[in-house]
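Engineer: Have a peek at work.txt (compact mmCIF, C-alpha atoms).
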# COMPACT_ATOMS: atom_id res chain seq x y z
CA MET A 288 -23.69 2.46 42.42
CA SER A 289 -26.39 0.83 40.20
CA GLU A 290 -26.27 -2.79 39.14
CA GLU A 291 -26.27 -1.66 35.48
CA PHE A 292 -23.15 0.45 36.10
CA GLU A 293 -21.45 -2.48 37.85
CA ALA A 294 -22.34 -4.71 34.93
CA ASP A 295 -20.80 -2.29 32.44
CA ALA A 296 -17.69 -1.98 34.58
CA MET A 297 -17.25 -5.74 34.75
CA ASP A 298 -17.80 -6.08 31.01
CA SER A 299 -14.56 -4.15 30.53
CA LEU A 300 -12.72 -6.81 32.54
CA LYS A 301 -13.82 -10.14 31.22
CA ASP A 302 -12.61 -13.38 29.64
CA MET A 303 -9.40 -13.55 31.68
CA PRO A 304 -7.31 -16.48 30.51
CA PHE A 305 -6.79 -17.73 34.07
CA ALA A 306 -8.98 -18.21 37.08
CA THR A 307 -8.40 -15.06 39.14
CA ILE A 308 -8.58 -12.05 36.80
CA ASP A 309 -10.94 -10.88 34.05
CA ILE A 310 -10.34 -8.82 30.92
CA LYS A 311 -11.81 -6.68 28.22
CA ASP A 312 -13.23 -7.20 24.69
CA ASP A 313 -11.54 -6.10 21.50
CA CYS A 314 -11.33 -5.76 17.77
CA GLU A 315 -8.19 -6.02 15.63
CA ILE A 316 -6.75 -7.81 12.62
CA THR A 317 -8.66 -11.05 12.03
CA ASP A 318 -7.14 -14.47 12.42
CA ALA A 319 -3.55 -13.36 11.88
CA PRO A 320 -0.80 -15.20 13.74
CA HIS A 321 1.74 -12.44 14.21
CA ILE A 322 5.43 -13.37 14.24
CA ASN A 323 7.79 -10.49 14.79
CA LEU A 324 11.02 -11.68 13.19
CA GLU A 325 12.41 -8.20 12.50
CA ARG A 326 12.66 -6.71 15.95
CA SER A 327 15.73 -4.54 16.49
CA LYS A 328 18.64 -5.68 18.62
CA GLU A 329 17.87 -2.84 21.00
CA ASN A 330 14.67 -4.62 22.02
CA GLU A 331 16.55 -7.79 22.98
CA ARG A 332 17.97 -6.20 26.11
CA ILE A 333 16.52 -4.70 29.26
CA SER A 334 18.63 -2.73 31.69
CA LYS A 335 19.80 -4.37 34.91
CA ASP A 336 18.34 -1.46 36.85
CA GLN A 337 14.92 -2.10 35.35
CA ILE A 338 15.15 -5.81 36.23
CA LYS A 339 16.01 -4.92 39.83
CA LYS A 340 13.07 -2.52 40.03
CA ARG A 341 10.72 -5.19 38.71
CA LYS A 342 11.87 -7.66 41.37
CA LYS A 343 11.10 -5.08 44.04
CA LYS A 344 7.54 -4.79 42.72
CA GLN A 345 6.54 -8.42 43.24
CA LYS A 346 3.75 -7.39 45.60
CA GLY A 347 2.19 -5.22 42.90
CA TYR A 348 2.39 -7.97 40.28
CA GLN A 349 -0.63 -7.71 37.97
CA PRO A 350 -0.42 -9.88 34.83
CA ASN A 351 -1.52 -8.20 31.60
CA TYR A 352 -0.17 -10.63 28.97
CA PHE A 353 -0.31 -14.40 28.57
CA LEU A 354 0.80 -17.28 26.36
CA SER A 355 -2.20 -18.92 24.76
CA ILE A 356 -2.88 -22.17 22.92
CA PRO A 357 -5.97 -21.27 20.87
CA ILE A 358 -8.77 -23.81 20.55
CA THR A 359 -9.69 -23.97 16.86
CA ASN A 360 -11.41 -27.36 16.55
CA LYS A 361 -15.06 -26.55 15.75
CA GLU A 362 -16.21 -29.81 17.31
CA ILE A 363 -14.86 -28.61 20.67
CA THR A 364 -16.27 -25.10 20.38
CA ARG A 365 -19.70 -26.44 19.33
CA GLY A 366 -19.73 -28.75 22.35
CA ILE A 367 -18.88 -25.86 24.68
CA LYS A 368 -21.67 -23.71 23.20
CA ILE A 369 -24.14 -26.56 23.79
CA LEU A 370 -22.89 -26.79 27.41
CA GLN A 371 -23.24 -23.02 27.91
CA ASN A 372 -26.75 -22.97 26.43
CA ALA A 373 -27.79 -25.88 28.67
CA ILE A 374 -26.68 -23.89 31.72
CA LEU A 375 -28.41 -20.70 30.54
CA GLN A 376 -31.67 -22.59 30.08
CA GLN A 377 -31.52 -23.28 33.82
CA ASP A 378 -30.39 -19.76 34.83
CA GLU A 379 -30.29 -17.11 32.09
CA ARG A 380 -28.76 -14.60 34.55
CA LEU A 381 -25.41 -16.33 34.00
CA ALA A 382 -25.14 -15.13 30.38
CA LYS A 383 -22.44 -12.55 31.15
CA ALA A 384 -20.44 -15.14 33.08
CA MET A 385 -19.87 -17.17 29.90
CA THR A 386 -16.63 -17.08 27.90
CA SER A 387 -17.37 -15.43 24.56
CA ASP A 388 -17.08 -17.07 21.14
CA GLY A 389 -13.58 -17.14 19.71
CA SER A 390 -11.90 -16.76 23.12
CA PHE A 391 -11.52 -20.44 23.99
CA HIS A 392 -7.91 -21.31 24.77
CA ILE A 393 -5.50 -22.90 27.21
CA THR A 394 -3.20 -20.55 29.13
CA LEU A 395 0.42 -21.66 29.34
CA LEU A 396 1.82 -18.68 31.23
CA VAL A 397 0.80 -15.24 32.52
CA MET A 398 3.16 -12.28 32.81
CA GLN A 399 3.46 -8.53 33.24
CA LEU A 400 4.78 -6.42 30.34
CA LEU A 401 4.86 -2.74 31.26
CA ASN A 402 5.56 -0.95 27.96
CA GLU A 403 6.19 -1.38 24.23
CA ASP A 404 9.87 -2.19 24.71
CA GLU A 405 8.98 -4.98 27.13
CA VAL A 406 6.35 -6.29 24.71
CA ASN A 407 9.05 -6.46 22.02
CA LEU A 408 11.34 -8.22 24.46
CA GLY A 409 8.50 -10.63 25.26
CA ILE A 410 8.13 -11.33 21.54
CA GLY A 411 11.83 -12.18 21.48
CA ALA A 412 11.37 -14.55 24.42
CA LEU A 413 8.50 -16.28 22.62
CA LEU A 414 10.67 -16.80 19.53
CA GLU A 415 13.44 -18.21 21.73
CA LEU A 416 10.90 -20.67 23.16
CA LYS A 417 10.27 -22.32 19.77
CA PRO A 418 13.44 -24.51 19.66
CA PHE A 419 12.74 -25.70 23.22
CA VAL A 420 9.23 -26.73 22.18
CA GLU A 421 10.59 -28.55 19.13
CA GLU A 422 13.12 -30.36 21.30
CA ILE A 423 10.37 -31.45 23.71
CA LEU A 424 8.06 -32.72 20.96
CA GLN A 425 10.82 -34.39 18.89
CA GLY A 426 8.82 -33.94 15.69
CA LYS A 427 5.67 -35.48 17.15
CA GLU A 428 2.25 -33.83 17.13
CA LEU A 429 0.80 -32.62 20.42
CA ILE A 430 -2.87 -33.55 20.52
CA LEU A 431 -4.99 -32.48 23.49
CA PRO A 432 -8.22 -34.44 24.17
CA PHE A 433 -10.97 -32.74 26.20
CA GLN A 434 -13.45 -34.73 28.25
CA GLY A 435 -15.69 -33.86 31.19
CA VAL A 436 -16.45 -30.70 33.17
CA ASP A 437 -15.27 -29.44 36.56
CA THR A 438 -14.94 -26.19 38.53
CA PHE A 439 -12.41 -24.32 40.64
CA GLY A 440 -14.23 -23.83 43.94
CA ASN A 441 -17.59 -23.65 42.14
CA GLN A 442 -16.50 -20.25 40.80
CA VAL A 443 -14.78 -21.08 37.50
CA GLY A 444 -16.26 -23.67 35.13
CA PHE A 445 -13.90 -25.47 32.76
CA VAL A 446 -13.71 -28.37 30.35
CA LYS A 447 -11.13 -30.88 31.57
CA LEU A 448 -8.08 -32.06 29.72
CA ALA A 449 -8.24 -35.85 29.64
CA GLU A 450 -5.40 -37.86 31.15
CA GLY A 451 -2.81 -39.36 28.85
CA HIS A 452 0.70 -39.21 27.40
CA HIS A 453 0.10 -35.64 26.17
CA ILE A 454 0.20 -34.24 29.73
CA ASN A 455 3.95 -34.48 30.29
CA PRO A 456 5.07 -32.65 27.12
CA LEU A 457 2.48 -29.94 27.76
CA LEU A 458 3.80 -29.46 31.31
CA GLU A 459 7.37 -29.37 29.99
CA ILE A 460 6.45 -26.68 27.45
CA ALA A 461 4.79 -24.61 30.19
CA GLU A 462 7.89 -24.92 32.36
CA ALA A 463 10.20 -24.00 29.47
CA ALA A 464 8.06 -20.94 28.77
CA LYS A 465 8.20 -19.85 32.40
CA ARG A 466 11.97 -20.27 32.52
CA THR A 467 12.52 -18.43 29.21
CA PHE A 468 10.48 -15.39 30.25
CA GLN A 469 11.87 -15.23 33.78
CA GLU A 470 15.42 -15.28 32.41
CA LYS A 471 14.53 -12.05 30.58
CA GLY A 472 13.72 -10.46 33.92
CA PHE A 473 9.94 -10.65 33.60
CA MET A 474 7.57 -11.43 36.42
CA ALA A 475 5.98 -14.48 34.82
CA GLY A 476 3.98 -17.39 36.15
CA GLU A 477 2.07 -17.82 39.36
CA ASN A 478 2.93 -19.59 42.60
CA ARG A 479 0.31 -22.30 42.20
CA SER A 480 1.11 -25.28 40.01
CA PHE A 481 0.12 -25.25 36.35
CA LYS A 482 -3.19 -27.03 35.71
CA PRO A 483 -4.19 -26.89 32.04
CA HIS A 484 -7.91 -26.28 31.57
CA LEU A 485 -10.38 -24.80 29.10
CA THR A 486 -12.53 -22.15 30.82
CA PHE A 487 -16.12 -21.71 29.66
CA MET A 488 -17.53 -19.51 32.48
CA LYS A 489 -16.52 -17.42 35.54
CA LEU A 490 -18.69 -15.97 38.26
CA SER A 491 -16.12 -13.20 38.79
CA ARG A 492 -17.58 -11.56 35.67
CA THR A 493 -20.97 -11.19 37.37
CA PRO A 494 -20.30 -10.01 40.97
CA TRP A 495 -23.70 -8.31 41.20
CA LEU A 496 -25.35 -11.75 41.11
CA ARG A 497 -23.99 -12.50 44.60
CA ARG A 498 -26.51 -10.03 46.03
CA LYS A 499 -29.19 -12.00 44.23
CA GLY A 500 -28.09 -15.26 45.81
CA VAL A 501 -25.95 -16.62 42.94
CA LYS A 502 -22.74 -17.40 44.84
CA LYS A 503 -21.58 -20.57 43.09
CA ILE A 504 -21.96 -22.67 39.97
CA ASP A 505 -24.53 -25.30 40.83
CA PRO A 506 -23.19 -28.77 39.86
CA LYS A 507 -26.62 -29.76 38.58
CA PHE A 508 -26.19 -27.17 35.80
CA TYR A 509 -23.55 -29.32 34.08
CA GLU A 510 -24.22 -32.81 35.47
CA LYS A 511 -25.13 -34.17 32.03
CA PHE A 512 -21.68 -33.17 30.74
CA ILE A 513 -19.58 -34.73 33.52
CA SER A 514 -18.24 -37.40 31.18
CA HIS A 515 -18.96 -35.72 27.83
CA THR A 516 -16.25 -36.02 25.16
CA PHE A 517 -15.72 -32.62 23.54
CA GLY A 518 -13.04 -33.52 21.00
CA GLU A 519 -9.31 -33.18 20.35
CA GLU A 520 -7.19 -30.10 19.62
CA MET A 521 -3.94 -30.47 17.71
CA VAL A 522 -1.61 -27.75 18.99
CA HIS A 523 -0.35 -25.73 16.03
CA ARG A 524 0.36 -22.34 17.57
CA ILE A 525 1.38 -20.52 20.75
CA ASP A 526 0.39 -16.86 20.92
CA LEU A 527 1.57 -13.93 23.03
CA CYS A 528 -1.73 -12.19 23.82
CA SER A 529 -2.85 -9.08 25.66
CA MET A 530 -5.49 -9.29 28.37
CA LEU A 531 -6.43 -5.63 28.06
CA LYS A 532 -6.15 -4.60 24.41
CA LYS A 533 -9.20 -4.91 22.19
CA LYS A 534 -9.95 -8.33 20.84
CA GLN A 535 -9.89 -9.29 17.20
CA SER A 536 -13.13 -9.24 15.21
CA ASN A 537 -13.29 -13.04 15.44
CA GLY A 538 -13.46 -12.81 19.25
CA TYR A 539 -9.89 -13.92 19.91
CA TYR A 540 -7.45 -11.88 21.97
CA HIS A 541 -5.12 -9.21 20.59
CA CYS A 542 -2.08 -11.19 19.48
CA GLU A 543 1.38 -9.58 19.56
CA SER A 544 3.25 -12.54 18.09
CA SER A 545 3.04 -16.30 17.54
CA ILE A 546 5.18 -19.36 17.00
CA VAL A 547 3.96 -22.22 14.81
CA ILE A 548 4.17 -25.70 16.31
CA GLY A 549 4.65 -28.69 14.00
CA LYS A 550 3.66 -28.74 10.35
CA ARG A 551 0.69 -26.65 9.34
CA PRO A 552 -0.51 -25.92 5.78
CA ILE A 553 0.08 -22.29 4.83
CA GLY A 554 -2.62 -20.69 2.66
CA LEU A 555 -2.60 -17.58 0.51
CA GLN A 556 -4.35 -15.52 3.19
CA ASP A 557 -1.67 -16.49 5.72
CA LEU A 558 1.04 -15.31 3.31
CA ILE A 559 -0.74 -12.01 2.69
CA ARG A 560 -1.25 -11.36 6.41
CA GLU A 561 2.38 -12.19 7.16
CA ALA A 562 3.59 -9.85 4.39
CA LEU A 563 1.41 -7.02 5.70
CA ARG A 564 2.52 -7.67 9.25
CA ARG A 565 6.20 -7.58 8.28
CA GLU A 566 5.70 -4.32 6.37
CA ARG A 567 3.93 -2.80 9.39
CA MET A 568 6.67 -3.93 11.76
CA GLY A 569 9.31 -2.54 9.39
CA LEU A 570 7.59 0.86 9.37
CA LYS A 571 7.32 0.85 13.16
CA SER A 572 11.02 0.08 13.41
CA LYS A 573 11.92 2.93 11.03
CA VAL A 574 9.73 5.41 12.92
CA LYS A 575 11.42 4.43 16.17
CA GLN A 576 14.87 4.89 14.63
CA ILE A 577 13.88 8.36 13.38
CA LYS A 578 12.60 9.34 16.83
CA GLU A 579 15.82 8.18 18.46
CA LEU A 580 17.88 10.08 15.86
CA LEU A 581 15.94 13.30 16.45
CA LEU A 582 16.50 13.04 20.22
CA LYS A 583 20.30 13.00 19.86
CA PRO A 584 21.94 16.32 20.91
CA GLU A 585 24.15 16.42 17.81
CA THR A 586 21.10 16.01 15.55
CA GLN A 587 19.23 18.80 17.32
CA ALA A 588 22.30 21.05 17.14
CA ARG A 589 22.64 20.42 13.40
CA ILE A 590 18.96 21.21 12.82
CA ARG A 591 19.32 24.49 14.71
CA ARG A 592 22.40 25.44 12.66
CA GLU A 593 20.68 24.71 9.36
CA LEU A 594 17.59 26.64 10.36
CA LEU A 595 19.63 29.68 11.42
CA GLU A 596 21.92 29.75 8.38
CA GLY A 597 19.14 30.90 6.11
CA ARG A 598 17.88 33.64 8.45
CA PRO A 599 19.10 37.28 8.48
CA ALA A 600 21.27 38.23 11.44
CA SER A 601 18.60 40.61 12.70
CA SER A 602 16.16 37.73 13.23
CA ARG A 603 18.59 35.29 14.86
CA PRO A 604 18.36 34.73 18.60
CA GLY A 605 21.02 36.72 20.41
CA GLY A 606 21.65 39.10 17.48
CA ASP A 607 22.71 42.78 18.04
CA PRO A 608 19.61 44.74 19.11
CA GLY A 609 20.90 47.62 17.04
CA ASP A 610 20.63 45.47 13.94
CA ARG A 611 16.91 45.18 14.49
CA VAL A 612 16.24 48.99 14.29
CA LEU A 613 14.14 49.64 11.25
CA GLN A 614 15.56 52.27 8.86
CA ALA A 615 13.15 55.10 7.98
CA PRO A 616 12.32 55.18 4.28
CA PRO A 617 13.82 58.14 2.36
CA ARG A 618 11.60 61.22 2.32
CA THR A 619 10.07 62.37 -0.92
CA PRO A 620 10.81 66.04 -1.67
CA GLY A 621 7.70 68.18 -1.43
CA PRO A 622 5.81 70.59 0.76
CA GLU A 623 6.36 70.10 4.47
CA ARG A 624 3.62 68.13 6.22
CA GLY A 625 2.37 68.05 9.78
CA HIS A 626 1.20 71.68 10.19
CA ALA A 627 -1.95 70.56 11.94
CA THR A 628 -0.04 69.05 14.84
CA GLY A 629 3.25 70.87 14.66
CA HIS A 630 5.16 67.51 14.29
CA ASP A 631 6.88 65.74 11.39
CA CYS A 632 5.22 62.24 11.11
CA SER A 633 8.55 60.63 10.21
CA ALA A 634 10.08 61.79 13.48
CA ARG A 635 7.83 59.70 15.69
CA SER A 636 9.59 57.04 17.70
Could you write out this file's structure as structure tokens?
Structural biologist:
Amino acid sequence: MSEEFEADAMDSLKDMPFATIDIKDDCEITDAPHINLERSKENERISKDQIKKRKKKQKGYQPNYFLSIPITNKEITRGIKILQNAILQQDERLAKAMTSDGSFHITLLVMQLLNEDEVNLGIGALLELKPFVEEILQGKELILPFQGVDTFGNQVGFVKLAEGHHINPLLEIAEAAKRTFQEKGFMAGENRSFKPHLTFMKLSRTPWLRRKGVKKIDPKFYEKFISHTFGEEMVHRIDLCSMLKKKQSNGYYHCESSIVIGKRPIGLQDLIREALRRERMGLKSKVKQIKELLLKPETQARIRRELLEGRPASSRPGGDPGDRVLQAPPRTPGPERGHATGHDCSARS
């Protein structure tokens, strides 16, 4: 297998929001925080049998969705780009190991959602999380300051969250999220303790570099940023994002739904996006209802009856075969035909 092929393969699994897995790029609706407030009651439940099956599949647990706190402060993102460029000036081969623009975030929770119904149920769990978050914050803003750089085993580079009073409420929110999703029967969270961090590069995205001797992130690459202050992020949103669906055109992950944290000014574009999103969700709900209606035996029986009522008996399934015998048209008086063959043409069977 060529290195170019390996590179392409890894490009389809990049920018994973946590340290052990990578994901794929995307393109979708720009900048829209999606809040599904019109989900049907049917999507609020998952069968007990399905929950039991999920618990039996713990060994095959592969997260594909996550809760994200997006990093939107341009001061922070500019600082990270300066850090990434400083590293690339020392080793340009690490370009594909860098987190792409628009993808910067903090991961609160990872989970596995297996189908559309479970995604809708996950959206419901996210909405149920909102009052818990409000109770934890008690009307206060949650501001996250970022300072310094570190790595996980010299394999994942991240900007550190500075120590302070903001740590405890953030940990409480992460724990509330884990509890809320697990109560729905989802496999959510990982065994290791939650350590909030802002990833800017991962060597797992460039495995072919190991054969070229690049097996770790050299500390000298980021030594000038060890104590660098990157800025503060005021948490205003928590998103339910897909690791595998295409990203939005702004580089951020495909977002299934969001909850707004604290007070945030709402602009005209936000109102337009929310109106379009609600209309789209309403149409999806109606299409699903129509599909379910058409699958009901009584509906199918009624359709068959109505289709057959307008058809002649001879063309109905199960009709009398004798009814389907075509009647010969009446003969026109005149000289007898068929002398050449000795047969009357109308007598042929």
Engineer: State, in Å with one decimal place, the distance from CA of Leu458 (chain A) to CA of Pro483 (chain A).
Structural biologist: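 These atoms are spaced 8.4 Å apart.
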Engineer: In Å, rounded to a single decimal, give me how far CA of Phe445 (chain A) is from CA of Pro350 (chain A).
Structural biologist: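 About the pair CA of Pro350 (chain A) and CA of Phe445 (chain A): they are 20.7 Å apart.
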Engineer: By how many Å are CA of His453 (chain A) and CA of Glu428 (chain A) apart?
Structural biologist: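 Between CA of His453 (chain A) and CA of Glu428 (chain A) the gap is 9.5 Å.
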Engineer: Go through A:Leu527, A:Ile367, A:Val397, A:Val446 and flag the residue nearest Gln434 (chain A), using all atoms listed in the file for the distances.
Structural biologist: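 Comparing A:Leu527, A:Ile367, A:Val397, A:Val446 against Gln434 (chain A), the winner is A:Val446.
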Engineer: Just the residues within 8 Å of region 352-362 of chain A, please, counting only C-alpha atoms, with nothing from its chain fewer than 3 positions along; format it as number ranges by chain.
Structural biologist: A: 304, 365-366, 390-400, 517-520, 522, 524-530
